[in-house]
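One file, entry-v9.txt, is given below (compact mmCIF, C-alpha atoms).
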# COMPACT_ATOMS: atom_id res chain seq x y z
CA MET A 1306 -261.94 -97.42 55.18
CA ASN A 1307 -261.24 -95.99 58.61
CA LYS A 1308 -257.59 -96.18 59.58
CA ASN A 1309 -256.20 -95.24 62.94
CA ILE A 1310 -252.54 -94.34 63.06
CA LYS A 1311 -250.77 -94.61 66.39
CA LEU A 1312 -247.37 -93.02 66.63
CA ALA A 1313 -244.93 -93.83 69.40
CA VAL A 1314 -241.61 -92.09 69.54
CA ALA A 1315 -239.21 -93.50 72.08
CA GLY A 1316 -237.13 -90.37 72.28
CA ALA A 1317 -233.58 -89.36 71.44
CA VAL A 1318 -230.34 -90.36 73.08
CA LEU A 1319 -227.26 -88.17 72.84
CA ALA A 1320 -223.95 -90.08 72.85
CA LEU A 1321 -220.53 -88.99 71.57
CA SER A 1322 -222.02 -86.23 69.43
CA ALA A 1323 -224.56 -88.63 67.94
CA THR A 1324 -228.29 -89.10 68.28
CA ALA A 1325 -230.44 -92.20 68.33
CA ALA A 1326 -234.21 -92.31 67.90
CA ASN A 1327 -236.70 -95.15 67.68
CA ALA A 1328 -240.15 -94.88 66.18
CA GLY A 1329 -243.05 -97.20 65.45
CA ILE A 1330 -246.18 -96.50 63.40
CA ILE A 1331 -248.96 -99.09 63.72
CA ILE A 1332 -251.63 -99.00 61.00
CA PRO A 1333 -254.74 -101.27 61.11
CA ALA A 1334 -255.54 -102.12 57.47
CA GLY A 1335 -258.50 -104.44 57.11
CA ASP A 1336 -257.52 -107.87 58.44
CA TRP A 1337 -253.88 -106.80 58.65
CA THR A 1338 -251.89 -104.74 61.11
CA ILE A 1339 -248.91 -102.94 59.54
CA ASP A 1340 -246.01 -101.82 61.72
CA ILE A 1341 -243.47 -99.34 60.32
CA ASN A 1342 -240.47 -99.25 62.64
CA GLY A 1343 -236.86 -98.19 62.76
CA ASN A 1344 -234.02 -96.35 64.41
CA VAL A 1345 -231.20 -93.97 63.53
CA ASN A 1346 -227.98 -93.92 65.51
CA GLY A 1347 -224.40 -92.79 65.10
CA TYR A 1348 -221.18 -92.71 67.12
CA GLY A 1349 -217.72 -91.26 66.79
CA THR A 1350 -215.35 -94.16 67.56
CA TYR A 1351 -211.64 -94.77 67.88
CA SER A 1352 -210.30 -98.31 68.14
CA ARG A 1353 -206.85 -99.91 68.33
CA SER A 1354 -206.09 -103.57 67.80
CA LYS A 1355 -202.94 -104.57 69.64
CA GLY A 1356 -201.62 -108.07 69.99
CA VAL A 1357 -204.68 -109.50 68.21
CA THR A 1358 -204.23 -112.44 65.86
CA ALA A 1359 -206.50 -112.80 62.86
CA VAL A 1360 -208.80 -115.83 63.01
CA THR A 1361 -210.08 -117.33 59.77
CA GLY A 1362 -213.80 -116.70 59.51
CA ALA A 1363 -213.87 -114.15 62.34
CA VAL A 1364 -214.69 -110.45 62.01
CA ALA A 1365 -212.72 -108.94 64.89
CA THR A 1366 -210.13 -106.35 63.95
CA ALA A 1367 -206.66 -107.89 63.70
CA GLU A 1368 -203.34 -106.09 64.10
CA THR A 1369 -201.46 -105.76 60.81
CA ALA A 1370 -198.08 -104.42 59.79
CA THR A 1371 -199.63 -101.41 58.07
CA LYS A 1372 -202.57 -100.35 60.21
CA ASN A 1373 -204.10 -101.21 63.57
CA ASP A 1374 -205.88 -97.95 64.43
CA ASN A 1375 -209.31 -96.90 63.19
CA GLN A 1376 -211.37 -93.73 63.57
CA THR A 1377 -214.85 -93.46 62.18
CA ILE A 1378 -218.28 -91.88 62.44
CA ASN A 1379 -220.49 -94.91 62.21
CA THR A 1380 -223.61 -96.62 63.48
CA GLY A 1381 -223.26 -98.76 66.61
CA LEU A 1382 -223.56 -102.54 66.86
CA LEU A 1383 -227.25 -102.13 65.94
CA PRO A 1384 -227.40 -100.55 62.46
CA ALA A 1385 -229.72 -97.80 61.35
CA TRP A 1386 -232.95 -99.60 60.51
CA LEU A 1387 -236.17 -99.21 58.52
CA GLY A 1388 -238.58 -102.12 58.76
CA PHE A 1389 -242.08 -103.02 57.60
CA THR A 1390 -244.01 -105.83 59.32
CA GLY A 1391 -247.52 -107.05 58.57
CA LYS A 1392 -249.51 -109.45 60.78
CA THR A 1393 -252.89 -111.12 60.42
CA ARG A 1394 -254.91 -114.08 61.71
CA GLN A 1395 -256.69 -115.90 58.88
CA ASN A 1396 -257.90 -119.49 58.33
CA ASP A 1397 -256.71 -120.46 61.82
CA LEU A 1398 -253.18 -119.30 60.99
CA ASP A 1399 -251.05 -116.46 62.31
CA VAL A 1400 -249.41 -114.96 59.21
CA GLU A 1401 -246.57 -112.43 59.26
CA PHE A 1402 -244.21 -110.81 56.77
CA THR A 1403 -241.21 -108.59 57.44
CA ILE A 1404 -239.02 -106.56 55.08
CA SER A 1405 -236.22 -104.40 56.47
CA LEU A 1406 -233.37 -102.21 55.22
CA GLN A 1407 -230.21 -101.17 57.08
CA PRO A 1408 -228.42 -98.10 55.69
CA GLY A 1409 -224.90 -97.24 56.83
CA ILE A 1410 -223.65 -93.74 57.59
CA SER A 1411 -219.87 -94.09 57.38
CA ALA A 1412 -219.27 -93.73 53.61
CA ASN A 1413 -218.81 -90.23 52.20
CA ASP A 1414 -219.23 -91.56 48.64
CA VAL A 1415 -222.71 -92.87 47.75
CA ALA A 1416 -221.05 -95.15 45.18
CA ASN A 1417 -218.93 -96.81 47.88
CA ALA A 1418 -219.03 -100.59 47.33
CA ASN A 1419 -217.86 -101.52 50.82
CA GLY A 1420 -219.89 -102.48 53.88
CA SER A 1421 -221.46 -99.05 54.28
CA LYS A 1422 -223.84 -99.70 51.39
CA MET A 1423 -227.55 -100.40 52.00
CA LEU A 1424 -228.16 -103.84 53.51
CA ASN A 1425 -231.29 -105.99 53.33
CA ARG A 1426 -231.17 -108.25 56.38
CA GLN A 1427 -234.76 -109.46 56.54
CA THR A 1428 -237.30 -110.49 53.91
CA TYR A 1429 -239.43 -113.35 55.17
CA LEU A 1430 -242.93 -114.80 55.50
CA SER A 1431 -244.02 -116.92 58.47
CA PHE A 1432 -247.21 -118.79 59.28
CA GLY A 1433 -248.34 -121.04 62.10
CA ASP A 1434 -250.41 -121.51 65.22
CA LYS A 1435 -249.49 -121.78 68.89
CA SER A 1436 -250.87 -125.34 68.89
CA TRP A 1437 -248.28 -126.73 66.41
CA GLY A 1438 -245.62 -124.06 65.95
CA SER A 1439 -244.60 -121.92 62.98
CA VAL A 1440 -242.73 -122.05 59.68
CA LYS A 1441 -240.53 -119.23 58.38
CA ILE A 1442 -239.45 -118.89 54.73
CA GLY A 1443 -237.09 -116.14 53.60
CA LYS A 1444 -234.08 -114.23 54.89
CA ASP A 1445 -233.51 -113.63 58.61
CA ILE A 1446 -230.77 -113.92 61.21
CA GLY A 1447 -229.14 -117.36 61.32
CA ILE A 1448 -230.28 -119.80 64.00
CA PHE A 1449 -226.83 -120.91 65.19
CA ALA A 1450 -225.30 -118.39 67.65
CA SER A 1451 -228.07 -115.83 67.09
CA ASP A 1452 -229.03 -115.64 70.77
CA ALA A 1453 -225.51 -114.51 71.64
CA ILE A 1454 -225.69 -111.40 69.47
CA LEU A 1455 -229.32 -110.63 70.31
CA ASN A 1456 -228.48 -110.72 74.03
CA ASP A 1457 -225.20 -108.80 73.76
CA MET A 1458 -225.30 -106.04 76.36
CA THR A 1459 -223.70 -103.66 73.85
CA LEU A 1460 -226.40 -104.22 71.19
CA LEU A 1461 -227.88 -100.75 71.78
CA GLY A 1462 -224.41 -99.18 71.98
CA VAL A 1463 -221.12 -99.23 70.13
CA GLY A 1464 -219.58 -102.57 71.04
CA SER A 1465 -215.93 -103.40 70.49
CA GLY A 1466 -214.05 -102.01 67.53
CA VAL A 1467 -215.06 -101.14 64.00
CA GLY A 1468 -214.15 -104.46 62.41
CA ASN A 1469 -212.14 -105.31 59.34
CA GLY A 1470 -212.48 -102.58 56.77
CA GLY A 1471 -212.47 -99.79 59.36
CA ALA A 1472 -214.59 -96.80 58.42
CA SER A 1473 -216.27 -98.57 55.52
CA THR A 1474 -218.12 -101.16 57.61
CA ASN A 1475 -221.85 -100.85 58.21
CA THR A 1476 -221.74 -101.42 62.00
CA THR A 1477 -219.33 -102.00 64.86
CA ASN A 1478 -218.72 -105.49 66.23
CA GLY A 1479 -220.01 -105.85 69.77
CA GLY A 1480 -218.60 -109.14 71.01
CA ILE A 1481 -218.59 -110.74 67.55
CA GLY A 1482 -215.27 -112.44 66.88
CA SER A 1483 -214.04 -111.83 70.41
CA GLY A 1484 -216.71 -113.70 72.34
CA TYR A 1485 -218.93 -115.46 69.81
CA ILE A 1486 -219.19 -115.91 66.04
CA TYR A 1487 -221.37 -113.91 63.68
CA ALA A 1488 -224.75 -115.55 63.10
CA ALA A 1489 -225.15 -113.74 59.74
CA TRP A 1490 -228.42 -113.12 57.86
CA LYS A 1491 -229.36 -116.08 55.71
CA GLY A 1492 -232.01 -117.41 53.38
CA GLN A 1493 -233.74 -120.19 55.29
CA ILE A 1494 -236.72 -122.49 55.79
CA ALA A 1495 -237.13 -122.89 59.55
CA TYR A 1496 -239.60 -124.56 61.90
CA THR A 1497 -240.16 -123.42 65.49
CA THR A 1498 -242.02 -125.63 67.97
CA PRO A 1499 -244.82 -124.41 70.24
CA ASN A 1500 -243.78 -123.10 73.64
CA PHE A 1501 -243.84 -126.04 76.06
CA ASN A 1502 -243.90 -124.33 79.48
CA GLY A 1503 -240.81 -122.29 78.64
CA PHE A 1504 -239.06 -124.77 76.33
CA GLN A 1505 -238.89 -124.02 72.61
CA ALA A 1506 -236.74 -125.29 69.73
CA THR A 1507 -236.01 -124.18 66.16
CA VAL A 1508 -234.46 -126.11 63.28
CA GLY A 1509 -233.85 -124.89 59.74
CA LEU A 1510 -232.26 -125.39 56.32
CA MET A 1511 -229.90 -122.51 55.43
CA ASN A 1512 -229.10 -121.18 51.96
CA PRO A 1513 -225.53 -122.22 51.01
CA ASN A 1514 -222.99 -119.44 51.55
CA GLN A 1515 -221.40 -118.50 48.23
CA PHE A 1516 -218.53 -116.53 49.73
CA SER A 1517 -215.79 -116.99 52.27
CA ILE A 1518 -213.19 -114.91 54.07
CA ASP A 1519 -209.52 -115.07 53.08
CA THR A 1520 -207.06 -116.63 55.50
CA ASP A 1521 -205.95 -113.15 56.59
CA ALA A 1522 -209.55 -112.55 57.75
CA THR A 1523 -209.69 -109.17 56.05
CA VAL A 1524 -211.25 -109.66 52.62
CA VAL A 1525 -214.50 -111.27 51.50
CA THR A 1526 -213.56 -112.66 48.11
CA GLY A 1527 -216.70 -114.29 46.75
CA THR A 1528 -214.60 -117.09 45.20
CA ASP A 1529 -212.82 -119.08 47.91
CA GLN A 1530 -214.30 -122.38 49.11
CA PRO A 1531 -218.02 -121.74 48.45
CA GLN A 1532 -220.51 -123.94 50.25
CA ASP A 1533 -222.27 -126.24 47.76
CA ARG A 1534 -225.09 -127.65 49.89
CA PHE A 1535 -227.73 -126.59 52.40
CA GLY A 1536 -226.62 -125.75 55.90
CA LEU A 1537 -228.48 -127.21 58.87
CA GLU A 1538 -228.87 -125.17 62.05
CA GLY A 1539 -230.86 -125.61 65.22
CA LYS A 1540 -231.27 -124.31 68.74
CA ALA A 1541 -233.12 -125.11 71.94
CA ALA A 1542 -233.98 -122.66 74.68
CA TYR A 1543 -235.63 -122.80 78.09
CA SER A 1544 -236.94 -119.72 79.89
CA PHE A 1545 -238.08 -119.65 83.50
CA ALA A 1546 -239.58 -117.04 85.80
CA GLY A 1547 -240.32 -116.64 89.49
CA ASP A 1548 -238.10 -115.55 92.36
CA VAL A 1549 -235.21 -116.30 90.01
CA SER A 1550 -235.69 -115.79 86.27
CA GLY A 1551 -233.50 -116.46 83.29
CA ASN A 1552 -232.99 -118.60 80.21
CA LEU A 1553 -230.75 -121.38 78.98
CA GLN A 1554 -229.79 -121.73 75.32
CA ALA A 1555 -227.88 -124.16 73.14
CA SER A 1556 -227.39 -124.10 69.35
CA ASN A 1557 -225.46 -125.88 66.62
CA GLY A 1558 -224.87 -125.62 62.90
CA HIS A 1559 -223.39 -127.67 60.04

Write the structure described by the file as structure tokens, please.
Amino acid sequence: MNKNIKLAVAGAVLALSATAANAGIIIPAGDWTIDINGNVNGYGTYSRSKGVTAVTGAVATAETATKNDNQTINTGLLPAWLGFTGKTRQNDLDVEFTISLQPGISANDVANANGSKMLNRQTYLSFGDKSWGSVKIGKDIGIFASDAILNDMTLLGVGSGVGNGGASTNTTNGGIGSGYIYAAWKGQIAYTTPNFNGFQATVGLMNPNQFSIDTDATVVTGTDQPQDRFGLEGKAAYSFAGDVSGNLQASNGH
């Protein structure tokens, strides 16, 4: 079988003694197109939380009596990433799968059990057609508040602070906890409508969260107040172009 491999390297960016590189390898394989993609980035950061009050369920660094300064060599708001995506058009359906891994760089100990361990943020299958929409089954970013993080201007940079846990966290925070909540990465069954002249909506059932954050907003316990039923999240968005372009978004979750 003849396979053409196209390699695109977006280049390297030097920032605070750290490099960032993005690469994509597209491989036609029969009826499928496989895309291997990823990035590596790292930053030296120093953050101080002063006069910040902890908010239950938030992830922003809070000032404590013992420590409010953090220094770390860490990835930015966007973690280091290795992803595999396959796409095909069969039986009048667009079919796609994605599996991705997000390694951290901050832990010096490979046995570290904190946030710097390997993450698996995406494992999903989707199918659909532009005439009736698409269905996604698997793990992906939550629907509620996801547009805020995906449109954060610091997404390709460091963002604000290193979060609770300091040097052991996988990424920095961006505006999470100080401008919007964390959408998280959740098991879900979601339906997205066709694009109606710029308007599109998504609704989904979310896997119940079996953990919560202590009232001091510093420790994920795995035992406090677990959610015992499906979550329901949805969003609507309208995009427009012309002399003035932009988009409007609204989302909710229960």

A:Asp1399, A:Asn1375, A:Thr1497, A:Asn1456 ranked by distance to Asn1552 (chain A), top pick (using only C-alpha atoms):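 Result for the nearest residue to Asn1552 (chain A): A:Asn1456.
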
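Atom pair CA of Lys1444 (chain A) / CA of Gln1427 (chain A) has a distance of 5.1 Å (rounded to one decimal).
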
Using only C-alpha atoms, pick whichever of A:Ser1465, A:Gln1554, A:Ser1436, A:Thr1338 has the shortest atom-to-atom distance to Phe1501 (chain A). A:Ser1436

What is the CA of Val1463 (chain A)-CA of Ile1481 (chain A) distance in Å, reported with one decimal? 12.1 Å

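For the residues A:Leu1382, A:Ile1404, A:Ala1489, A:Ile1446, ranking by smallest atom-to-atom distance to Gly1464 (chain A) using all atoms listed in the file places A:Leu1382 first.
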
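Here the question is which of A:Ala1450, A:Ile1442, A:Leu1383, A:Ile1410 gets nearest to Gly1349 (chain A) using all atoms listed in the file, and that residue is A:Ile1410.
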
Report, in Å with one decimal, the straight-line distance from CA of Ala1555 (chain A) to CA of Tyr1485 (chain A). 12.9 Å

Give me the residues near Trp1386 (chain A) as a PDB file with C-alpha atoms, keeping the file's coordinate frame, where near means some atom within 7 Å (using only C-alpha atoms) and where sequence neighbours in that chain fewer than 2 positions away do not count.
ATOM      1  CA  GLY A1343    -236.860 -98.190  62.760  1.00  0.00           C
ATOM      2  CA  ASN A1344    -234.020 -96.350  64.410  1.00  0.00           C
ATOM      3  CA  VAL A1345    -231.200 -93.970  63.530  1.00  0.00           C
ATOM      4  CA  PRO A1384    -227.400-100.550  62.460  1.00  0.00           C
ATOM      5  CA  GLY A1388    -238.580-102.120  58.760  1.00  0.00           C
ATOM      6  CA  LEU A1406    -233.370-102.210  55.220  1.00  0.00           C
ATOM      7  CA  GLN A1407    -230.210-101.170  57.080  1.00  0.00           C
ATOM      8  CA  PRO A1408    -228.420 -98.100  55.690  1.00  0.00           C
TER       9      PRO A1408
END

Residues near Arg1394 (chain A), anyone? I mean within 8 Å using all atoms listed in the file, not counting same-chain ones fewer than 3 positions away, as a compact mmCIF listing (two decimals) with C-alpha atoms, in the coordinates of the input.
# COMPACT_ATOMS: atom_id res chain seq x y z
CA ASP A 1336 -257.52 -107.87 58.44
CA TRP A 1337 -253.88 -106.80 58.65
CA ASP A 1397 -256.71 -120.46 61.82
CA LEU A 1398 -253.18 -119.30 60.99
CA ASP A 1399 -251.05 -116.46 62.31
CA VAL A 1400 -249.41 -114.96 59.21

When you count all atoms listed in the file, which of these residues is closest to Leu1461 (chain A): A:Ala1385, A:Leu1553, A:Ala1546, A:Ala1495?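 Answer, going by the shortest atom-to-atom distance: A:Ala1385.
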
Which residue, A:Ala1488, A:Ile1330, A:Tyr1496, A:Thr1477, has the smallest gap to Leu1455 (chain A) when you use all atoms listed in the file?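 Closest to Leu1455 (chain A), using all atoms listed in the file: A:Ala1488.
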